[in-house]
Every structure is written in C-alpha cells, then in structure tokens.
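Visitor: Got a structure here, written out as structure tokens. Questions coming.
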Amino acid sequence: MYDDIAFNVQNPRPGIIINKPYGPDVYNGVPKDYTGENCTANNFLAVILGNRTALTGGSGKVVNSGPNDYIFIYYADHGSAGMVAMPTGDDLYAKDLIEVLKKKHEAKSYKSMVFYLEACESGSMFDGLLTEDMNIYAVTASTPAESSYAMYCPGHYPSPEDDFETCLGDLFSISWIEDSEKHDLQKETLQQQHGVVRRRTLVDYLDFSSHVMQYGNKELSKEPIFTYIGTNPDNDNFTMKAEEFSSNPSAEIAHWSRLTRGAVSQRDAQLHYLWHRFNRSADGSSEKIDAQKQLQNEILSRQQVDQNIHQIIAQVFGEENVSKMIESIRPAGQPLVDDWDCLKMLVRIYGEICGSLSIYGKKYTRAMANMCNAGINKKQMTLASNQACLK
C-alpha cells in the first residue's frame, strides 16, 4: 500500500482507517512490506515470483512458495481497459501480469491460486488471457467494459460519519470482505461467496451496477474459502440461510438495493469528493473558494482529455469513426488488444505529449487498444498527439 491515508491531513482521525461507517480501525497492526515509492508494479510482480533480486526497497519479503501451497491475492486500485493502477511508477498491464502468473505456474510454485481484483474494467485483465490449465480462479469487480463502484460515500446511504469527506470502500470489496467476516469459511465455498457478492454488486434497475466476473479454473470455486484465507474461529458453526445463496430472490435484491443506493463510479470518486467538499463549505470561506477552484480544475481537465482523444482519433481515422473507436468492445473471451506493446506505446506517447492520463483519462485506454487493432503506428500517434495537444 502507498500508505498515505492514516496520517493524511484530511483524515479526521489521524492514525486510523475505517472501511465502513462506524467501523473499527483496519490500519493498526497491518504489515506494510512495500510502501510509498516502493509500491510499484515491478515489486509486485517480483514478490509473486519470489524473485528477491528484482526488488527495489521494501522489506524484501516475497512469495516463496512450493507445489503444495495455496495462494490468495487481493488487489484494489483504479483501473482501465487492459491495466490497473499502481501508486508509483508505471501501471500494471494485463499482459505482464499474465506472463508472471504463467512463470509462477511453470515453476510449479503453487498448487492453486485465487485472485480477487477490484478495479474499473477489471475483467479485461483476465478475459481471453487466463487459461484454465494455470489452476488460477480469478474474480473481478466488473466486466472488461464496466466501471466498478465506490461505496459508503458522503451524501449517500449508508453514509460515513459527518467528519468524513470521502468514500470509505468499494462495493465489490466491501461485499466479499463483509461476507467473509460473518461466515464460517470452512463451510462457505468460493462459489457461494461469488453468488452473494454478485447479487450485492449488481442491482439491475439502478443506475450504478457492475457484473462480478469469474475467470480461469472455475472448478476451484467449489473449494471452501478457508483453504485460501483461513477463518475467524468466532464464526465456527455459523448457520447460513439458504436464501443467501439462492439464484434470484426478489427480497434479497430489494435488500441489496437499499444497501447500495449510495455507490459512486470509481472514476467519479474524486469528483464526488470535491463536490461534497464544495457544498459543505461555508459561503465566502477560503475553504469554499479553494474547493470551487479544485472542482473547476477537475471538470476542465476532464473536458480537455475528452477533446484531446476526440481530435487524435479524428485526425488518424476520420471524424466519422470517433465513436466507433471509443465505444467498440470485443466479444467475451477475446483479449482487449492484439499487440500489447502497441497499447503501451500509445499510452506512453500520449503521456509525453499531452500529459499522463488521469484516473478519469484512463477510460480511453480501450480507445487506444481499438486504435492498435485498427493498425495505428508510432508516427501517426505522435503527429496526431502533437496536433491535438500542443496548440
């Protein structure tokens, strides 16, 4: 973790982190092996492989596993088509993650693995890439083309205490974590948990929802969760109600709809925070003036990215193909892009000329992938980016 929350000046309770309204401290005592500038994609992948020589900083701990070990990975950050964010340095691309997992499998350094991923468009990290023979069961917060959602946000229900100005969790994450906290995980299977989390995360008739997805070896979902994350002895012999795992109970949908009324798209979490801060500040105060300035800057920067991408696509492929490039989605089971190096190149060129893609701006990595699939080259992207961004 980057570790900038507990003692952030905007944290109303210094040294404490909560992940639900009126919840307990989830920070004290948690191991921190890689923080700050050491929280990188390179270190993450080196840790998975057990490759100490590739590490930079940190505690030096790695996953030194063997053929009889079970591995659980939970990853939460912002994401976009084909990548998930890292606090420091380059983002983590799907191709690089899958290659490392393949190496781990070929080295016979695990028996089976479960990977929970919270990020926008997180399905794109595994769709068409993670094969069953790798013996990995992956669950993602969304499909390859959906946002995932922040939860417990100010001004929404259920809301954090008044002194908090930010969302406290993410809908997929709090769903599986809160489910795990109350059940006897020696009895609950991964598949049963998937059913609970899927229904809580997806509420069809609301404006916000994402489809929790499964990839890889789904046979592993029959195993008890205990195999991968243990269990709380206080929950031993917890009796699960049959309706918790039923296929489509209308009463449960209504229950979850009440609990998820306040979800916010992860890409809009920063905008929501600034809007809430602006609204609650006293008229005429320096805080309101500052909040208004930050809010306006966020809106303007979003408009600028929209305009930049539109112009780049129009210059290379024509105005009539802009919407197609931005909105086209490949069929399920097909990777996002044929040439991952091309996608990395386009993101890099855009960053060098137009400025690094923001959390909001990364929504356009799918458009860049579509441009790669349509045959764009380095010269075309450079020229179009210069024309769009250097005016």
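Each chain in the structure tokens gets a letter, A, B, ..., in the order shown, and its residues are numbered from 1; ligands are numbered from 1 in order too.
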Just the residues within 12 Å of Glu106 (chain A), please, counting only C-alpha atoms, with nothing from its chain fewer than 2 positions along; format it as a VMD selection string.
Guide: chain A and resid 49 66 to 67 99 to 104 108 to 111 133 to 135
Visitor: Where in region 101-217 of chain A does DSSP assign alpha helix (DSSP H), given as a PyMOL selection string?
Guide: chain A and resi 101-106+171-182+190-201
Visitor: Please, which residues in region 11-76 of chain A fall within 10 Å of region 216-230 of chain A when counting only C-alpha atoms, and what is the closest atom pair and distance in Å to one decimal for each, ordered by chain then residue number, as a tab-separated table?
Guide:
residue	atom	partner	partner_atom	distance
A:Asp69	CA	A:Tyr228	CA	9.5
A:Tyr70	CA	A:Tyr228	CA	6.1
A:Ile71	CA	A:Tyr228	CA	6.4
A:Phe72	CA	A:Tyr228	CA	5.6
A:Ile73	CA	A:Tyr228	CA	9.2
Visitor: Any idea what's packed within 8 Å of Val63 (chain A), counting only C-alpha atoms, ignoring anything in its chain fewer than 2 positions away? Could you give it as a list in words?
Guide: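 Neighbouring residues, sequence-local ones excluded: Val47, Ile48, Leu49, Gly50, Lys61 and Ser65 of chain A.
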Visitor: For a quick check of understanding, using only C-alpha atoms, which of A:Asp283, A:Asp77, A:Asp90, A:Asp4 has the smallest distance to Lys344 (chain A)?
Guide: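 Among the listed residues, A:Asp90 lies closest to Lys344 (chain A).
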Visitor: Counting only C-alpha atoms, give me one row per residue of region 34-104 of chain A with an atom at most 12 Å from an atom of region 332-342 of chain A, showing the shortest contact pair and its distance in Å to one decimal, sorted by chain then residue number, as a Markdown table.
Guide:
| residue | atom | partner | partner_atom | distance |
| --- | --- | --- | --- | --- |
| A:Ser80 | CA | A:Leu336 | CA | 11.0 |
| A:Ala81 | CA | A:Leu336 | CA | 7.3 |
| A:Gly82 | CA | A:Leu336 | CA | 6.6 |
| A:Met83 | CA | A:Leu336 | CA | 10.4 |
| A:Leu92 | CA | A:Trp340 | CA | 12.0 |
| A:Tyr93 | CA | A:Trp340 | CA | 8.4 |
| A:Ala94 | CA | A:Trp340 | CA | 8.7 |
| A:Lys95 | CA | A:Trp340 | CA | 6.9 |
| A:Asp96 | CA | A:Trp340 | CA | 9.3 |
| A:Ile98 | CA | A:Pro335 | CA | 11.8 |
Visitor: Residues near Thr231 (chain A), anyone? I mean within 12 Å using only C-alpha atoms, not counting same-chain ones fewer than 2 positions away, as a list of chain:residue names.
Guide: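 These residues fall inside the cut-off: A:Ile177, A:Asp179, A:Ser180, A:Glu181, A:Lys182, A:His183, A:Asp184, A:Leu185, A:Gln186, A:Lys187, A:Glu188, A:Pro224, A:Ile225, A:Phe226, A:Thr227, A:Tyr228, A:Ile229, A:Pro233, A:Asp234, A:Asn235, A:Asp236, A:Asn237, A:Phe238.
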Visitor: Skip region 22-29 of chain A itself and residues of its chain fewer than 5 positions away, then list as a VMD selection string all residues within 9 Å of it, counting only C-alpha atoms.
Guide: chain A and resid 6 15 to 17 160 to 161
Visitor: Please determine, counting only C-alpha atoms, which residue among A:Gln193, A:Ser210, A:Ser173, A:Ser124 has the shortest atom-to-atom distance to Ser147 (chain A).
Guide: A:Ser210
Visitor: So, with only C-alpha atoms as the atoms that count, which of A:Val9, A:Leu45, A:Ala138, A:Cys39 lies closest to Gln191 (chain A)?
Guide: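 Checking each candidate against Gln191 (chain A), we get A:Ala138 as the closest.
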Visitor: Calculate how many Å separate CA of Gln270 (chain A) from CA of Thr166 (chain A), rounding to one decimal.
Guide: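 Value for the CA of Gln270 (chain A)-CA of Thr166 (chain A) distance: 8.3 Å.
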Visitor: I'd like the neighbourhood of Glu298 (chain A) as a PyMOL selection string, where a residue qualifies if any of its atoms comes within 9 Å (using only C-alpha atoms), though same-chain residues fewer than 5 positions away should be ignored.
Guide: chain A and resi 270-271+274+293+303
Visitor: Once you have the residues from the selection above, write them out as a PDB file, in the first residue's frame, restricted to C-alpha atoms.
Guide:
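Result saved to selection-v2.pdb:
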ATOM      1  CA  GLN A 270     -12.580  12.328  -6.800  1.00  0.00           C
ATOM      2  CA  LEU A 271     -15.248  14.486  -8.431  1.00  0.00           C
ATOM      3  CA  LEU A 274     -14.639  17.752  -4.441  1.00  0.00           C
ATOM      4  CA  LYS A 293     -11.179  26.072  -7.755  1.00  0.00           C
ATOM      5  CA  GLN A 303     -13.110  18.175 -20.762  1.00  0.00           C
TER       6      GLN A 303
END
Visitor: Could you check which of A:Ala54, A:Met86, A:Ala107, A:Met151 is closest to Tyr2 (chain A), using only C-alpha atoms?
Guide: A:Met86
Visitor: Give me every strand (DSSP E or B) residue in region 26-223 of chain A, going by DSSP on the backbone, as number ranges by chain.
Guide: A: 70-76, 79-80, 83-84, 92-93, 112-118, 136-140, 149-151, 169-170, 189, 213-216
Visitor: Next, the residues of the selection above should be written as an mmCIF file, in the first residue's frame with N, CA and C atoms.
Guide:
data_model
loop_
_atom_site.group_PDB
_atom_site.id
_atom_site.type_symbol
_atom_site.label_atom_id
_atom_site.label_comp_id
_atom_site.auth_asym_id
_atom_site.auth_seq_id
_atom_site.Cartn_x
_atom_site.Cartn_y
_atom_site.Cartn_z
ATOM 1 N N TYR A 70 -1.162 -22.934 -1.360
ATOM 2 C CA TYR A 70 -2.328 -22.199 -1.869
ATOM 3 C C TYR A 70 -2.044 -20.707 -1.734
ATOM 4 N N ILE A 71 -2.348 -19.946 -2.771
ATOM 5 C CA ILE A 71 -2.051 -18.511 -2.768
ATOM 6 C C ILE A 71 -3.331 -17.723 -2.964
ATOM 7 N N PHE A 72 -3.498 -16.676 -2.168
ATOM 8 C CA PHE A 72 -4.620 -15.744 -2.330
ATOM 9 C C PHE A 72 -4.059 -14.350 -2.576
ATOM 10 N N ILE A 73 -4.534 -13.704 -3.636
ATOM 11 C CA ILE A 73 -4.128 -12.327 -3.954
ATOM 12 C C ILE A 73 -5.376 -11.464 -4.023
ATOM 13 N N TYR A 74 -5.352 -10.368 -3.302
ATOM 14 C CA TYR A 74 -6.420 -9.357 -3.401
ATOM 15 C C TYR A 74 -5.769 -8.039 -3.806
ATOM 16 N N TYR A 75 -6.233 -7.470 -4.898
ATOM 17 C CA TYR A 75 -5.633 -6.256 -5.463
ATOM 18 C C TYR A 75 -6.740 -5.220 -5.646
ATOM 19 N N ALA A 76 -6.538 -4.030 -5.111
ATOM 20 C CA ALA A 76 -7.537 -2.965 -5.240
ATOM 21 C C ALA A 76 -6.866 -1.662 -5.634
ATOM 22 N N GLY A 79 -8.529 1.337 -12.237
ATOM 23 C CA GLY A 79 -8.198 0.538 -13.399
ATOM 24 C C GLY A 79 -8.800 1.098 -14.667
ATOM 25 N N SER A 80 -8.428 0.490 -15.768
ATOM 26 C CA SER A 80 -8.992 0.831 -17.072
ATOM 27 C C SER A 80 -8.774 -0.374 -17.966
ATOM 28 N N MET A 83 -5.352 -2.521 -17.937
ATOM 29 C CA MET A 83 -4.360 -2.160 -16.921
ATOM 30 C C MET A 83 -5.030 -1.840 -15.598
ATOM 31 N N VAL A 84 -4.251 -1.982 -14.528
ATOM 32 C CA VAL A 84 -4.656 -1.500 -13.213
ATOM 33 C C VAL A 84 -3.553 -0.579 -12.707
ATOM 34 N N LEU A 92 0.193 -1.460 -14.096
ATOM 35 C CA LEU A 92 0.363 -2.890 -14.333
ATOM 36 C C LEU A 92 -0.533 -3.305 -15.488
ATOM 37 N N TYR A 93 0.082 -3.775 -16.572
ATOM 38 C CA TYR A 93 -0.672 -4.208 -17.752
ATOM 39 C C TYR A 93 -1.051 -5.682 -17.638
ATOM 40 N N SER A 112 -2.676 -24.128 -6.161
ATOM 41 C CA SER A 112 -3.758 -23.384 -6.797
ATOM 42 C C SER A 112 -3.753 -21.967 -6.252
ATOM 43 N N MET A 113 -4.414 -21.080 -6.981
ATOM 44 C CA MET A 113 -4.377 -19.668 -6.636
ATOM 45 C C MET A 113 -5.756 -19.044 -6.834
ATOM 46 N N VAL A 114 -6.110 -18.132 -5.935
ATOM 47 C CA VAL A 114 -7.328 -17.336 -6.070
ATOM 48 C C VAL A 114 -6.926 -15.871 -6.128
ATOM 49 N N PHE A 115 -7.491 -15.150 -7.088
ATOM 50 C CA PHE A 115 -7.116 -13.751 -7.321
ATOM 51 C C PHE A 115 -8.391 -12.917 -7.355
ATOM 52 N N TYR A 116 -8.587 -12.043 -6.360
ATOM 53 C CA TYR A 116 -9.709 -11.101 -6.341
ATOM 54 C C TYR A 116 -9.187 -9.729 -6.784
ATOM 55 N N LEU A 117 -9.845 -9.135 -7.773
ATOM 56 C CA LEU A 117 -9.375 -7.867 -8.330
ATOM 57 C C LEU A 117 -10.480 -6.817 -8.317
ATOM 58 N N GLU A 118 -10.229 -5.721 -7.633
ATOM 59 C CA GLU A 118 -11.137 -4.572 -7.564
ATOM 60 C C GLU A 118 -10.561 -3.432 -8.394
ATOM 61 N N ILE A 136 -5.728 -21.258 -11.727
ATOM 62 C CA ILE A 136 -5.994 -19.995 -11.040
ATOM 63 C C ILE A 136 -7.469 -19.655 -11.212
ATOM 64 N N TYR A 137 -8.108 -19.292 -10.128
ATOM 65 C CA TYR A 137 -9.504 -18.842 -10.151
ATOM 66 C C TYR A 137 -9.507 -17.344 -9.847
ATOM 67 N N ALA A 138 -9.932 -16.544 -10.835
ATOM 68 C CA ALA A 138 -9.929 -15.089 -10.683
ATOM 69 C C ALA A 138 -11.355 -14.549 -10.635
ATOM 70 N N VAL A 139 -11.581 -13.607 -9.737
ATOM 71 C CA VAL A 139 -12.875 -12.935 -9.613
ATOM 72 C C VAL A 139 -12.626 -11.438 -9.731
ATOM 73 N N THR A 140 -13.379 -10.777 -10.606
ATOM 74 C CA THR A 140 -13.184 -9.343 -10.821
ATOM 75 C C THR A 140 -14.443 -8.559 -10.478
ATOM 76 N N TYR A 149 -17.509 0.366 -8.453
ATOM 77 C CA TYR A 149 -18.141 1.476 -7.739
ATOM 78 C C TYR A 149 -17.638 1.638 -6.309
ATOM 79 N N ALA A 150 -17.440 2.902 -5.945
ATOM 80 C CA ALA A 150 -17.100 3.252 -4.571
ATOM 81 C C ALA A 150 -18.359 3.192 -3.717
ATOM 82 N N MET A 151 -18.178 2.973 -2.425
ATOM 83 C CA MET A 151 -19.312 2.743 -1.536
ATOM 84 C C MET A 151 -19.091 3.490 -0.224
ATOM 85 N N GLY A 169 -15.082 2.787 0.971
ATOM 86 C CA GLY A 169 -14.770 1.471 0.415
ATOM 87 C C GLY A 169 -15.245 1.342 -1.011
ATOM 88 N N ASP A 170 -15.083 0.147 -1.563
ATOM 89 C CA ASP A 170 -15.581 -0.162 -2.901
ATOM 90 C C ASP A 170 -16.604 -1.279 -2.797
ATOM 91 N N THR A 189 -18.217 -21.960 0.354
ATOM 92 C CA THR A 189 -17.321 -22.131 -0.794
ATOM 93 C C THR A 189 -17.097 -20.805 -1.518
ATOM 94 N N MET A 213 -17.307 -10.966 -12.242
ATOM 95 C CA MET A 213 -16.965 -11.976 -13.241
ATOM 96 C C MET A 213 -16.017 -13.034 -12.677
ATOM 97 N N GLN A 214 -16.048 -14.219 -13.279
ATOM 98 C CA GLN A 214 -15.167 -15.325 -12.921
ATOM 99 C C GLN A 214 -14.335 -15.712 -14.140
ATOM 100 N N TYR A 215 -13.049 -15.981 -13.913
ATOM 101 C CA TYR A 215 -12.148 -16.376 -14.995
ATOM 102 C C TYR A 215 -11.242 -17.508 -14.526
ATOM 103 N N GLY A 216 -10.627 -18.191 -15.494
ATOM 104 C CA GLY A 216 -9.673 -19.239 -15.168
ATOM 105 C C GLY A 216 -10.346 -20.560 -14.849
#
Visitor: So how far away is CA of Phe126 (chain A) from CA of His211 (chain A), in Å?
Guide: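 Distance between the two atoms: 14.5 Å.
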Visitor: If I take CA of Ile309 (chain A) and CA of Val264 (chain A), how far is one from the other in Å, to one decimal?
Guide: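 Going from CA of Ile309 (chain A) over to CA of Val264 (chain A), I get 24.3 Å.
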Visitor: Using only C-alpha atoms, which protein or nucleic acid residues come within 12 Å of Gln294 (chain A)? Drop anything in the same chain fewer than 6 positions from it, and give the result as an MDAnalysis selection string.
Guide: chainID A and resid 270:278 287:288 300:301
